[in-house]
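Following: one structure in structure tokens, then a few remarks.
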Protein chains: 2
Amino acid sequence: MISKPKYYTFADKQDDELLLDCGRSLAPVTLAYETYGSLDDKKSNAILILHALSGDAHAAGRHHSDDRKPGWWDNTIGHGKAFDTDKYFIICSNVIGGCKGSTGPASINPATGKPYGTSFPMITIRDMVRAQKRLIDHLGIEKLLAVAGGSMGGMQVLEWAICYPDRIRAAIPLATTARLSAQSIAFNEVGRQAIVSDPYWCGGDYYGKKQPTNGLALARMIAHITYLSDESMHKKFGRRLQNRDNYSYDFITDFQVESYLHHQGESFIKRFDANSYLYITRAMDYFDLSAEKGSLKKALEGVKARFLVVSFSSDWLFPTYQSKDIASALRKNDVDVSFCEIASSYGHDAFLLEAEQLSPLISGFLDSTYKGAFL
Amino acid sequence: MISKPKYYTFADKQDDELLLDCGRSLAPVTLAYETYGSLDDKKSNAILILHALSGDAHAAGRHHSDDRKPGWWDNTIGHGKAFDTDKYFIICSNVIGGCKGSTGPASINPATGKPYGTSFPMITIRDMVRAQKRLIDHLGIEKLLAVAGGSMGGMQVLEWAICYPDRIRAAIPLATTARLSAQSIAFNEVGRQAIVSDPYWCGGDYYGKKQPTNGLALARMIAHITYLSDESMHKKFGRRLQNRDNYSYDFITDFQVESYLHHQGESFIKRFDANSYLYITRAMDYFDLSAEKGSLKKALEGVKARFLVVSFSSDWLFPTYQSKDIASALRKNDVDVSFCEIASSYGHDAFLLEAEQLSPLISGFLDSTYKGAFL
């Protein structure tokens with residue numbers, strides 16, 4: 001499947017800016033997105049896919065037939081897959097604050113003609129969803145069949161269900177939480193400290209100069225440990241050495257797991273912007289659905305969508321108890337909710353890797369939602 | 001209790017150097033240590049306490065009556081406590097490679113007259129124990145009643161039992177492992193990367209100059225997350241804000257957990273040397289008892305000490321399954337072993353904090369060992 005990057009820009013005229021939770025506003029706003037499959041005549045088969053921290057709009061297919069890798073969720077989106085492009089029109093939207101074609105800290109600030117850097121306004125998960133809603137309006141879709149996403153994508157799913165209850169029929173939050181835990185905030189903060197401690201960060205004003213690559217690579221290495229599990233790291237690397245039979249008794253890379261982490265850090269700096277990493281992790285820190293109304297049950301009171309909530313047994317970043325909290329609060333509001341914990345050793349990354357276990361759940365849930373919509 | 005720093009230097013004459021696993025040797029070698037209680041006439045009541053990564057010889061009491069804090073394990077060592085100084089003679093030895101009075105990378109290299117820095121030889125847990133054995137020889141103690149320690153201290157306990165089976169009656173490894181997991185190696189490596197990425201690290205040659213404090217603080221912050229648990233961080237901080245009612249929508253410290261981590265980082269740089277952090281974490285990475293002989297059971301074949309193995313339920317750095325592996329391998333060798341998992345929400349730090357649950361186990365085990373020694 002060949003997929004194509006698309007862009008939608010709004011608020012490029014007056015009085016149309018995006019109002020943000022922080023009190024500031026953003027204009028103009030560009031969203032990068034991709035679509036797969038076809039929108040039916042009734043515009044009833046559209047599904048919005050929302051990505052995680054380091055994701056982008058390129059969820060499936062290849063931009064060029066010789067691309068080494070397809071989009072990040074290609075194992076669930078396409079012909080005959082969980083998000084079946086023969087049946088559904090799939091939209092994946094990049095988030096604001098990011099660096100993959102949507103407006104973010106690397107974008108030009110129209111007031112100065114220079115990149116925003118840290119003058120970019122702080123954004124929240126809800127702000128990301130506000131921007132996506134403009135895209136869905138622009139596409140002329142009155143009601144999405146579903147919104148789906150894992151990790152930070154799942155947070156956006158929850159915000160969609162709360163903010164625009166009449167605009168979605170179903171919600172699929174995977175490997176996610178209704179509020180970031182102290183432990184997760186802590187991991188985000190050490191990642192940010194790695195970046196701002198890099199002498200090349202320069203208060204965020206590094207565009208066109210040497211980049212804070214060491215800091216960003218280190219932030220990614222730290223985070224990457226939290227995406228795997230003790231068990232998956234043991235299976236994948238154990239204590240195996242990298243290209244040697246004995247310890248070096250030096251500080252070079254002895255273990256495969258070290259080499260793997262370094263590789264993760266080095267590839268990340270080629271595709272991600274350090275300031276975006278700061279903004280998006282902060283948006284996650286601020287995410288707490290229960291804060292505004294005093295409880296998660298109250299926050300979910302207006303929800304109309306049916307839900308499929310999925311967690312993964314070895315995910316210690318967003319453990320099963322956090323998904324259970326979501327399912328439980330939904331049930332207290334008499335929302336139609338299915339909850340499933342998938343047995344997996346892959347840790348948090350399981351939502352990207354366990355397509356075989358995940359797909360029947362998603363396709364069955366989407367089928368019944370689609371049929372139910374026309375009863 | 002007023003305690004006093006002591007020092008023992010060996011290998012300050014020829015042909016007495018400490019041979020290390022890396023093939024190099026170290027001379028002279030100083031060990032900082034402290035003792036509490038009195039050695040009995042038969043020299044039969046000595047217990048050696050071994051510390052964790054960032055610990056030191058100051059395990060109990062205060063050096064000055066107005067010291068704000070006592071030694072790191074003061075809640076288990078002293079009059080009427082688990083390691084009862086009315087009954088036992090307690091020795092706590094600092095490790096080589098450290099920076100708390102024992103020979104380490106900040107020590108003067110006699111060959112150059114300058115601090116070793118990264119010319120210090122790589123050390124292993126076994127090397128630490130080899131040095132301690134010289135101290136015990138020097139103190140004229142033929143047989144220790146027990147060796148005890150948590151985390152990296154527990155690794156040293158295991159090496160004592162294997163290397164010097166006739167020199168100890170009992171072993172108490174707490175919250176430890178027989179080999180470092182891939183996940184733990186990964187956390188150590190990101191900590192080291194934080195240090196070596198600090199521009200002031202200068203290849204380890206920073207003594208007398210500006211120190212790599214940012215890198216060391218960051219390494220400590222990362223590690224500190226692994227010492228707590230999701231639950232203990234939730235209880236201790238939750239999502240509470242630091243001196244504010246609302247989000248700042250800025251990158252300043254919003255959350256209490258961030259403030260706490262920063263404080264941990266800032267206090268650590270006052271008391272620890274960055275190069276020591278590199279050497280000691282590497283020693284932990286290299287620790288794998290099963291590697292040499294092919295299995296943990298074989299590694300423990302010559303063990304004569306009786307064992308008390310303790311893990312803590314919420315410790316995800318050295319989880320209970322790792323302690324069970326030790327207990328199980330000991331049992332296969334017909335070693336007298338008691339294993340206990342203590343229910344605690346404190347994570348890895350539980351071995352320092354759960355004195356109330358830990359003390360009856362330890363004192364009962366020591367009592368029966370002491371009585372058994374004279375049957």
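Labels for the structure tokens follow display order: chains A, B, ..., residues from 1 in each chain, ligands from 1.
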
From a DSSP calculation on the backbone, collect every residue of stretch 29-217 of chain B in alpha helix (DSSP H) and output the set as a VMD selection string.
chain B and resid 125 to 138 152 to 163 182 to 196 213 to 217

Taking only C-alpha atoms into account, which residues of chain B are within 7 Å of chain A, as a PDB file with C-alpha atoms, in the first residue's frame?
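Full text of part.pdb as output:
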```pdb
ATOM      1  CA  CYS B  22      40.706  -7.721  34.897  1.00  0.00           C
ATOM      2  CA  MET B 122      38.215  -2.016  36.258  1.00  0.00           C
ATOM      3  CA  SER B 181      19.492  -8.517  34.435  1.00  0.00           C
ATOM      4  CA  ALA B 182      19.473  -6.860  30.997  1.00  0.00           C
ATOM      5  CA  GLN B 183      17.060  -4.255  32.366  1.00  0.00           C
ATOM      6  CA  ALA B 186      20.325  -0.864  30.711  1.00  0.00           C
ATOM      7  CA  GLU B 189      24.281   2.288  31.084  1.00  0.00           C
ATOM      8  CA  VAL B 190      21.933   5.294  30.749  1.00  0.00           C
ATOM      9  CA  SER B 197      27.947  13.098  28.047  1.00  0.00           C
ATOM     10  CA  ASN B 214      24.888  17.711  35.847  1.00  0.00           C
ATOM     11  CA  LEU B 218      21.008  12.994  36.244  1.00  0.00           C
ATOM     12  CA  MET B 221      17.808  10.805  39.362  1.00  0.00           C
ATOM     13  CA  ILE B 222      17.405   7.959  36.873  1.00  0.00           C
ATOM     14  CA  ASP B 230       5.076   2.887  41.416  1.00  0.00           C
ATOM     15  CA  MET B 233       5.852   7.153  44.509  1.00  0.00           C
ATOM     16  CA  HIS B 234       2.078   7.374  44.304  1.00  0.00           C
ATOM     17  CA  PHE B 237       3.940  12.309  45.835  1.00  0.00           C
ATOM     18  CA  GLY B 238       0.973  11.309  43.710  1.00  0.00           C
ATOM     19  CA  ARG B 239       0.351  14.145  41.268  1.00  0.00           C
ATOM     20  CA  TYR B 249       2.377  25.701  31.702  1.00  0.00           C
ATOM     21  CA  ASP B 250       6.117  26.052  31.711  1.00  0.00           C
ATOM     22  CA  VAL B 257       8.036  14.210  42.405  1.00  0.00           C
ATOM     23  CA  GLU B 258      10.166  16.371  40.095  1.00  0.00           C
TER      24      GLU B 258
END
```

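Near A:Leu330, within 10 Å and counting only C-alpha atoms, sit A:Leu296, A:Lys297, A:Lys298, A:Ala299, A:Leu300, A:Glu301, A:Val303, A:Arg306, A:Phe307, A:Lys324, A:Asp325, A:Ile326, A:Ala327, A:Asn333, A:Asp334, A:Val335, A:Asp336, A:Val337, A:Ser338; same-chain residues fewer than 3 positions away were not included.
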
Selection export as a compact mmCIF listing (two decimals), in the first residue's frame, atoms kept: N, CA and C atoms:
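Just written: out.txt:
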```txt
# COMPACT_ATOMS: atom_id res chain seq x y z
N LEU A 296 -12.71 10.38 38.15
CA LEU A 296 -12.73 9.87 36.78
C LEU A 296 -14.16 9.57 36.35
N LYS A 297 -14.97 9.07 37.29
CA LYS A 297 -16.38 8.78 36.97
C LYS A 297 -17.07 10.06 36.48
N LYS A 298 -16.89 11.14 37.19
CA LYS A 298 -17.53 12.41 36.79
C LYS A 298 -16.99 12.90 35.45
N ALA A 299 -15.68 12.74 35.25
CA ALA A 299 -15.08 13.21 33.99
C ALA A 299 -15.69 12.48 32.80
N LEU A 300 -16.10 11.23 33.03
CA LEU A 300 -16.60 10.40 31.93
C LEU A 300 -18.12 10.42 31.82
N GLU A 301 -18.78 11.24 32.61
CA GLU A 301 -20.25 11.22 32.69
C GLU A 301 -20.95 11.46 31.35
N VAL A 303 -19.94 10.77 28.37
CA VAL A 303 -19.47 9.89 27.29
C VAL A 303 -20.62 9.11 26.66
N ARG A 306 -19.28 3.69 22.76
CA ARG A 306 -18.97 2.41 23.38
C ARG A 306 -17.45 2.24 23.39
N PHE A 307 -16.96 1.43 24.31
CA PHE A 307 -15.51 1.36 24.55
C PHE A 307 -14.97 -0.06 24.45
N LYS A 324 -7.95 -0.73 34.06
CA LYS A 324 -9.13 -1.19 34.83
C LYS A 324 -9.85 0.00 35.46
N ASP A 325 -9.08 0.98 35.91
CA ASP A 325 -9.69 2.20 36.47
C ASP A 325 -10.59 2.87 35.42
N ILE A 326 -10.11 2.91 34.19
CA ILE A 326 -10.90 3.52 33.11
C ILE A 326 -12.18 2.71 32.87
N ALA A 327 -12.03 1.40 32.72
CA ALA A 327 -13.18 0.53 32.45
C ALA A 327 -14.19 0.62 33.58
N ASN A 333 -20.80 4.68 34.80
CA ASN A 333 -21.62 5.60 34.01
C ASN A 333 -22.49 4.86 33.00
N ASP A 334 -22.63 3.55 33.18
CA ASP A 334 -23.43 2.71 32.28
C ASP A 334 -23.00 2.78 30.83
N VAL A 335 -21.72 3.05 30.62
CA VAL A 335 -21.19 3.01 29.25
C VAL A 335 -20.96 1.54 28.87
N ASP A 336 -21.25 1.23 27.60
CA ASP A 336 -20.99 -0.11 27.07
C ASP A 336 -19.47 -0.29 26.91
N VAL A 337 -18.85 -1.06 27.80
CA VAL A 337 -17.39 -1.18 27.76
C VAL A 337 -16.93 -2.63 27.83
N SER A 338 -16.03 -2.98 26.92
CA SER A 338 -15.34 -4.27 27.00
C SER A 338 -13.92 -4.00 27.44
```

Neighbours of B:Ala355 within 12 Å (only C-alpha atoms; same-chain residues fewer than 6 positions away dropped), as a ChimeraX atom specification?
/B:72-77,81-83,342,344,346,349,361-363

Excluding B:Lys4 and residues on its chain fewer than 4 positions from it, collect all residues at most 8 Å away from it, counting only C-alpha atoms, and give them as a CSV table (one decimal) with N, CA and C atoms, in the first residue's frame.
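Contents of the output file selection.csv:
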```csv
chain,number,residue,atom,x,y,z
B,34,GLU,N,34.3,1.0,59.5
B,34,GLU,CA,33.9,1.3,60.9
B,34,GLU,C,33.6,0.0,61.6
B,35,THR,N,33.7,0.1,62.9
B,35,THR,CA,33.3,-1.0,63.7
B,35,THR,C,32.4,-0.5,64.9
B,63,HIS,N,29.1,10.4,63.6
B,63,HIS,CA,30.5,10.8,63.8
B,63,HIS,C,30.6,11.9,64.9
```

Looking only at the backbone, which of the residues in stretch 40-144 of chain A does DSSP tag as strand (DSSP E), as a PyMOL selection string?
chain A and resi 46-50+77-78+83-84+89-93+108-109+114-115+144

Near stretch 92-109 of chain A, within 7 Å and counting only C-alpha atoms, which residues show up once chain neighbours fewer than 2 positions away are dropped, as a ChimeraX atom specification?
/A:29-35,48-50,56-57,59,90,111-118,120,123,128,132,272-273,275-276,279-280

I need the residues from that last selection saved to file as an mmCIF file, in the first residue's frame (with C-alpha atoms), if you can.
```cif
data_model
loop_
_atom_site.group_PDB
_atom_site.id
_atom_site.type_symbol
_atom_site.label_atom_id
_atom_site.label_comp_id
_atom_site.auth_asym_id
_atom_site.auth_seq_id
_atom_site.Cartn_x
_atom_site.Cartn_y
_atom_site.Cartn_z
ATOM 1 C CA VAL A 29 -2.019 25.525 12.725
ATOM 2 C CA THR A 30 -1.003 22.802 10.310
ATOM 3 C CA LEU A 31 -1.830 19.158 10.903
ATOM 4 C CA ALA A 32 -0.012 16.434 8.991
ATOM 5 C CA TYR A 33 -2.239 13.437 8.355
ATOM 6 C CA GLU A 34 -2.646 10.377 6.194
ATOM 7 C CA THR A 35 -5.688 8.432 5.080
ATOM 8 C CA LEU A 48 -9.329 8.247 13.533
ATOM 9 C CA ILE A 49 -6.018 6.732 14.669
ATOM 10 C CA LEU A 50 -4.001 8.653 17.249
ATOM 11 C CA ASP A 56 3.548 10.454 13.426
ATOM 12 C CA ALA A 57 0.792 10.490 10.785
ATOM 13 C CA ALA A 59 0.629 4.808 10.390
ATOM 14 C CA ILE A 90 -8.697 5.364 8.271
ATOM 15 C CA ALA A 111 5.267 37.055 14.946
ATOM 16 C CA THR A 112 9.068 36.782 14.655
ATOM 17 C CA GLY A 113 9.741 34.958 11.411
ATOM 18 C CA LYS A 114 11.922 32.531 13.404
ATOM 19 C CA PRO A 115 11.294 29.060 14.872
ATOM 20 C CA TYR A 116 9.203 29.169 18.040
ATOM 21 C CA GLY A 117 11.628 27.178 20.184
ATOM 22 C CA THR A 118 10.478 27.460 23.786
ATOM 23 C CA PHE A 120 5.886 27.830 21.550
ATOM 24 C CA ILE A 123 0.025 22.290 24.866
ATOM 25 C CA MET A 128 -4.065 18.049 20.466
ATOM 26 C CA GLN A 132 -7.800 17.072 15.351
ATOM 27 C CA PHE A 272 12.818 13.782 16.306
ATOM 28 C CA ASP A 273 13.160 17.315 17.600
ATOM 29 C CA ASN A 275 11.952 20.693 21.895
ATOM 30 C CA SER A 276 9.020 18.580 20.685
ATOM 31 C CA TYR A 279 6.508 19.759 24.953
ATOM 32 C CA ILE A 280 4.905 16.394 24.350
#
```

Could you jot down the atom CA of B:Asn246 to atom CA of A:Phe287 separation for me, Å, one decimal place?
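Answer for the atom CA of B:Asn246 to atom CA of A:Phe287 separation: 12.9 Å.
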
Show me, as an NGL selection string, the residues that have an atom within 12 Å of A:Arg134 when counting only C-alpha atoms, minus same-chain residues fewer than 3 positions from it.
:A and (8-11 or 16-18 or 29-31 or 93 or 127-131 or 137-142 or 164 or 167)
